[in-house]
Amino acid sequence: MSSPRPRRKLAVLACMDARLDPYALLGLLEGDAHVIRNAGGVVTDDALRSLSASQRLLGTEEIVLVMHRGCGLEGADDEEFAESLIEDGCPHPAWRLGGFEDLEQTLREGLERLRSSPELISRDKVRGLIYDPDTEELEEFGP
Ligand code: ZN
């Protein structure tokens, strides 16, 4: 029987953008890594829940955070988004949309949150990458 533990001991958190294929971009095969995706590739509480399970239960030791240029959340306003939900009869959301103005700064904050989260046991191998869907280039984002 195959193991649920990712072969490369890697977890990827990436934006759900339809142009971004984490497997192809990172040269991953099925079974290599956990791939967690959400709107923006934002380090939310729920992303931390999955990453925590990934490390504590399933032995991953490295995290790659992938955000990208031209993200649908770039320039989106959290308050306006919440208001539009309330106008449609939703309760005030307990979550924030996670819109942002500055991609690099948001990625930096995400990396900092990962590196300082005690939910994670392995925090020394946390890398950030920026993908550009227009050029299809993947850029390493410094510490
Ligand atoms: Zn995106």
# chains A, B, ... in the order shown; residues from 1 in each chain; ligands from 1

$ select_by_dssp --residues "chain A" --states "strand (DSSP E or B)" --output "number ranges by chain"
A: 10-15, 33-38, 62-68, 74, 100, 126-132, 137-141

$ write_last_selection --atoms "N, CA and C atoms" --output "compact mmCIF listing (two decimals), in the first residue's frame"
# COMPACT_ATOMS: atom_id res chain seq x y z
N LEU A 10 7.36 17.68 1.31
CA LEU A 10 7.12 19.06 0.90
C LEU A 10 5.63 19.38 0.96
N ALA A 11 5.33 20.59 1.42
CA ALA A 11 3.96 21.11 1.33
C ALA A 11 4.01 22.42 0.56
N VAL A 12 3.08 22.59 -0.37
CA VAL A 12 3.01 23.79 -1.19
C VAL A 12 1.71 24.50 -0.85
N LEU A 13 1.81 25.81 -0.61
CA LEU A 13 0.61 26.63 -0.48
C LEU A 13 0.62 27.60 -1.65
N ALA A 14 -0.42 27.52 -2.48
CA ALA A 14 -0.43 28.31 -3.71
C ALA A 14 -1.80 28.92 -3.95
N CYS A 15 -1.81 30.00 -4.73
CA CYS A 15 -3.08 30.59 -5.15
C CYS A 15 -3.83 29.59 -6.04
N ALA A 33 4.05 15.68 -2.83
CA ALA A 33 3.85 16.85 -1.95
C ALA A 33 2.38 17.04 -1.63
N HIS A 34 2.13 17.74 -0.53
CA HIS A 34 0.77 18.25 -0.28
C HIS A 34 0.66 19.57 -1.02
N VAL A 35 -0.43 19.75 -1.74
CA VAL A 35 -0.65 21.01 -2.42
C VAL A 35 -1.94 21.62 -1.88
N ILE A 36 -1.79 22.73 -1.17
CA ILE A 36 -2.91 23.41 -0.53
C ILE A 36 -3.14 24.69 -1.32
N ARG A 37 -4.37 24.92 -1.70
CA ARG A 37 -4.64 26.09 -2.53
C ARG A 37 -5.81 26.89 -1.97
N ASN A 38 -5.71 28.20 -2.12
CA ASN A 38 -6.84 29.06 -1.77
C ASN A 38 -6.74 30.33 -2.60
N GLU A 62 9.22 20.89 4.64
CA GLU A 62 9.53 22.08 3.85
C GLU A 62 8.23 22.67 3.32
N ILE A 63 8.19 24.02 3.25
CA ILE A 63 7.00 24.69 2.72
C ILE A 63 7.41 25.63 1.59
N VAL A 64 6.69 25.56 0.49
CA VAL A 64 6.88 26.52 -0.59
C VAL A 64 5.58 27.30 -0.74
N LEU A 65 5.69 28.60 -0.65
CA LEU A 65 4.53 29.49 -0.77
C LEU A 65 4.58 30.15 -2.15
N VAL A 66 3.55 29.93 -2.96
CA VAL A 66 3.56 30.45 -4.33
C VAL A 66 2.43 31.47 -4.52
N MET A 67 2.83 32.72 -4.77
CA MET A 67 1.87 33.74 -5.17
C MET A 67 2.22 34.15 -6.60
N HIS A 68 1.43 35.04 -7.18
CA HIS A 68 1.69 35.34 -8.59
C HIS A 68 1.25 36.74 -8.99
N GLU A 74 -5.44 41.00 -5.96
CA GLU A 74 -4.67 42.23 -5.93
C GLU A 74 -5.62 43.40 -6.18
N PHE A 100 -5.15 42.37 -1.35
CA PHE A 100 -3.89 43.05 -1.04
C PHE A 100 -3.52 44.05 -2.12
N VAL A 126 11.34 27.36 4.61
CA VAL A 126 10.13 28.02 4.11
C VAL A 126 10.56 28.97 3.00
N ARG A 127 10.12 28.71 1.79
CA ARG A 127 10.54 29.53 0.64
C ARG A 127 9.34 30.18 -0.01
N GLY A 128 9.58 31.33 -0.64
CA GLY A 128 8.53 32.00 -1.38
C GLY A 128 8.88 32.08 -2.85
N LEU A 129 7.87 31.92 -3.71
CA LEU A 129 8.07 32.02 -5.15
C LEU A 129 6.99 32.93 -5.73
N ILE A 130 7.37 33.67 -6.76
CA ILE A 130 6.39 34.48 -7.48
C ILE A 130 6.33 33.99 -8.93
N TYR A 131 5.13 33.67 -9.36
CA TYR A 131 4.93 33.20 -10.73
C TYR A 131 4.33 34.34 -11.56
N ASP A 132 4.78 34.44 -12.79
CA ASP A 132 4.23 35.42 -13.72
C ASP A 132 3.51 34.67 -14.84
N GLU A 137 7.30 32.65 -16.03
CA GLU A 137 8.52 32.53 -15.24
C GLU A 137 8.21 32.44 -13.76
N LEU A 138 9.03 31.67 -13.08
CA LEU A 138 8.90 31.47 -11.66
C LEU A 138 10.14 32.08 -11.01
N GLU A 139 9.90 32.99 -10.08
CA GLU A 139 11.01 33.75 -9.50
C GLU A 139 11.13 33.43 -8.01
N GLU A 140 12.33 33.17 -7.57
CA GLU A 140 12.58 32.93 -6.15
C GLU A 140 12.46 34.27 -5.42
N PHE A 141 11.73 34.25 -4.33
CA PHE A 141 11.56 35.47 -3.56
C PHE A 141 12.46 35.41 -2.35

$ closest_atom_pairs --of "chain A" --to "ligand 1" --cutoff "8 Å" --atoms "only C-alpha atoms and all ligand atoms" --output "tab-separated table"
residue	atom	partner	partner_atom_place_in_ligand_line	distance
A:Cys15	CA	ligand 1	1 (Zn)	4.7
A:Met16	CA	ligand 1	1 (Zn)	6.1
A:Asp17	CA	ligand 1	1 (Zn)	4.7
A:Ala39	CA	ligand 1	1 (Zn)	6.0
A:Gly40	CA	ligand 1	1 (Zn)	4.3
A:Gly41	CA	ligand 1	1 (Zn)	6.8
A:Met67	CA	ligand 1	1 (Zn)	6.5
A:His68	CA	ligand 1	1 (Zn)	6.0
A:Arg69	CA	ligand 1	1 (Zn)	7.5
A:Gly70	CA	ligand 1	1 (Zn)	7.0
A:Cys71	CA	ligand 1	1 (Zn)	3.6
A:Gly72	CA	ligand 1	1 (Zn)	5.2
A:Leu73	CA	ligand 1	1 (Zn)	6.2
A:Glu74	CA	ligand 1	1 (Zn)	7.8

$ write_last_selection --atoms "all heavy atoms" --output "short mmCIF file (atom, residue, chain, number, x, y, z; two decimals), in the first residue's frame"
data_model
loop_
_atom_site.label_atom_id
_atom_site.label_comp_id
_atom_site.auth_asym_id
_atom_site.auth_seq_id
_atom_site.Cartn_x
_atom_site.Cartn_y
_atom_site.Cartn_z
N CYS A 15 -1.81 30.00 -4.73
CA CYS A 15 -3.08 30.59 -5.15
C CYS A 15 -3.83 29.59 -6.04
O CYS A 15 -3.24 28.75 -6.72
CB CYS A 15 -2.82 31.88 -5.93
SG CYS A 15 -4.37 32.68 -6.46
N MET A 16 -5.15 29.73 -6.02
CA MET A 16 -5.99 28.83 -6.83
C MET A 16 -6.05 29.25 -8.30
O MET A 16 -6.72 28.60 -9.10
CB MET A 16 -7.41 28.83 -6.27
CG MET A 16 -8.15 30.15 -6.43
SD MET A 16 -9.75 30.05 -5.61
CE MET A 16 -10.45 31.65 -6.09
N ASP A 17 -5.35 30.32 -8.67
CA ASP A 17 -5.40 30.83 -10.04
C ASP A 17 -5.33 29.71 -11.08
O ASP A 17 -4.48 28.82 -11.00
CB ASP A 17 -4.25 31.81 -10.27
CG ASP A 17 -4.41 32.59 -11.55
OD1 ASP A 17 -4.13 32.01 -12.64
OD2 ASP A 17 -4.84 33.76 -11.50
N ALA A 39 -7.73 31.20 -2.44
CA ALA A 39 -7.71 32.46 -3.17
C ALA A 39 -6.54 33.29 -2.69
O ALA A 39 -6.48 33.68 -1.51
CB ALA A 39 -9.03 33.21 -2.97
N GLY A 40 -5.58 33.56 -3.55
CA GLY A 40 -4.44 34.40 -3.22
C GLY A 40 -3.19 33.65 -2.80
O GLY A 40 -2.10 34.16 -2.88
N GLY A 41 -3.34 32.42 -2.28
CA GLY A 41 -2.19 31.78 -1.66
C GLY A 41 -1.87 32.48 -0.35
O GLY A 41 -0.72 32.70 0.01
N MET A 67 2.83 32.72 -4.77
CA MET A 67 1.87 33.74 -5.17
C MET A 67 2.22 34.15 -6.60
O MET A 67 3.19 33.65 -7.16
CB MET A 67 1.92 34.93 -4.20
CG MET A 67 1.44 34.54 -2.79
SD MET A 67 1.44 35.93 -1.62
CE MET A 67 -0.08 36.77 -2.13
N HIS A 68 1.43 35.04 -7.18
CA HIS A 68 1.69 35.34 -8.59
C HIS A 68 1.25 36.74 -8.99
O HIS A 68 0.43 37.36 -8.32
CB HIS A 68 0.98 34.30 -9.46
CG HIS A 68 -0.51 34.43 -9.37
ND1 HIS A 68 -1.26 35.08 -10.32
CD2 HIS A 68 -1.39 34.01 -8.43
CE1 HIS A 68 -2.53 35.05 -9.96
NE2 HIS A 68 -2.64 34.41 -8.82
N ARG A 69 1.82 37.17 -10.09
CA ARG A 69 1.46 38.49 -10.64
C ARG A 69 0.07 38.40 -11.27
O ARG A 69 -0.34 37.36 -11.76
CB ARG A 69 2.50 38.93 -11.66
CG ARG A 69 3.90 38.90 -11.06
CD ARG A 69 4.85 39.93 -11.63
NE ARG A 69 6.16 39.78 -10.99
CZ ARG A 69 6.50 40.35 -9.84
NH1 ARG A 69 5.66 41.14 -9.21
NH2 ARG A 69 7.71 40.15 -9.31
N GLY A 70 -0.63 39.54 -11.25
CA GLY A 70 -1.96 39.57 -11.85
C GLY A 70 -3.00 38.77 -11.07
O GLY A 70 -3.97 38.26 -11.64
N CYS A 71 -2.81 38.67 -9.76
CA CYS A 71 -3.73 37.89 -8.93
C CYS A 71 -5.09 38.60 -8.82
O CYS A 71 -5.15 39.83 -8.73
CB CYS A 71 -3.15 37.69 -7.53
SG CYS A 71 -4.14 36.60 -6.50
N GLY A 72 -6.15 37.81 -8.83
CA GLY A 72 -7.50 38.36 -8.70
C GLY A 72 -7.73 39.07 -7.37
O GLY A 72 -8.65 39.88 -7.25
N LEU A 73 -6.91 38.79 -6.38
CA LEU A 73 -7.08 39.44 -5.08
C LEU A 73 -6.30 40.74 -4.97
O LEU A 73 -6.46 41.48 -4.01
CB LEU A 73 -6.65 38.51 -3.94
CG LEU A 73 -7.59 37.35 -3.62
CD1 LEU A 73 -7.21 36.72 -2.30
CD2 LEU A 73 -9.03 37.81 -3.58
N GLU A 74 -5.44 41.00 -5.96
CA GLU A 74 -4.67 42.23 -5.93
C GLU A 74 -5.62 43.40 -6.18
O GLU A 74 -6.32 43.44 -7.19
CB GLU A 74 -3.56 42.18 -7.00
CG GLU A 74 -2.45 43.18 -6.74
CD GLU A 74 -1.23 42.92 -7.62
OE1 GLU A 74 -1.03 41.77 -8.06
OE2 GLU A 74 -0.49 43.88 -7.87
#

$ closest_residue --among "A:Thr44, A:Ser52, A:Ser3, A:Thr60" --to "Glu109 in chain A" --atoms "only C-alpha atoms"
A:Thr44

$ select_by_dssp --residues "range 4-115 of chain A" --states "helix (DSSP H, G or I)" --output "PyMOL selection string"
chain A and resi 22-26+39-41+45-56+78-87+103-115

$ atom_distance --atom1 "CA of Asp46 in chain A" --atom2 "CA of Arg108 in chain A"
18.7 Å

$ closest_residue --among "A:Glu104, A:Glu112, A:Glu119, A:Glu80" --to "Leu48 in chain A" --atoms "only C-alpha atoms"
A:Glu119

$ atom_distance --atom1 "CA of Gly75 in chain A" --atom2 "CA of Gly99 in chain A"
6.3 Å

$ closest_residue --among "A:Glu136, A:Val42, A:Arg7, A:Arg56" --to "Leu103 in chain A" --atoms "only C-alpha atoms"
A:Val42

$ atom_distance --atom1 "CA of Gly142 in chain A" --atom2 "CA of Gly110 in chain A"
12.8 Å

$ closest_residue --among "A:Ala76, A:Gly27, A:Ala53, A:Pro22" --to "Asp102 in chain A" --atoms "only C-alpha atoms"
A:Ala76

$ closest_residue --among "A:Asp32, A:Pro143, A:Leu51, A:Glu83" --to "Arg96 in chain A" --atoms "only C-alpha atoms"
A:Glu83

$ residues_around --residues "Leu97 in chain A" --least-positions-apart "2" --cutoff "8 Å" --atoms "only C-alpha atoms" --output "list in words"
Asp77, Asp78, Phe81, Ala82, Trp95 and Gly99 of chain A

$ closest_residue --among "A:Asp21, A:Met1, A:Leu28, A:Gln55" --to "Pro118 in chain A" --atoms "only C-alpha atoms"
A:Gln55
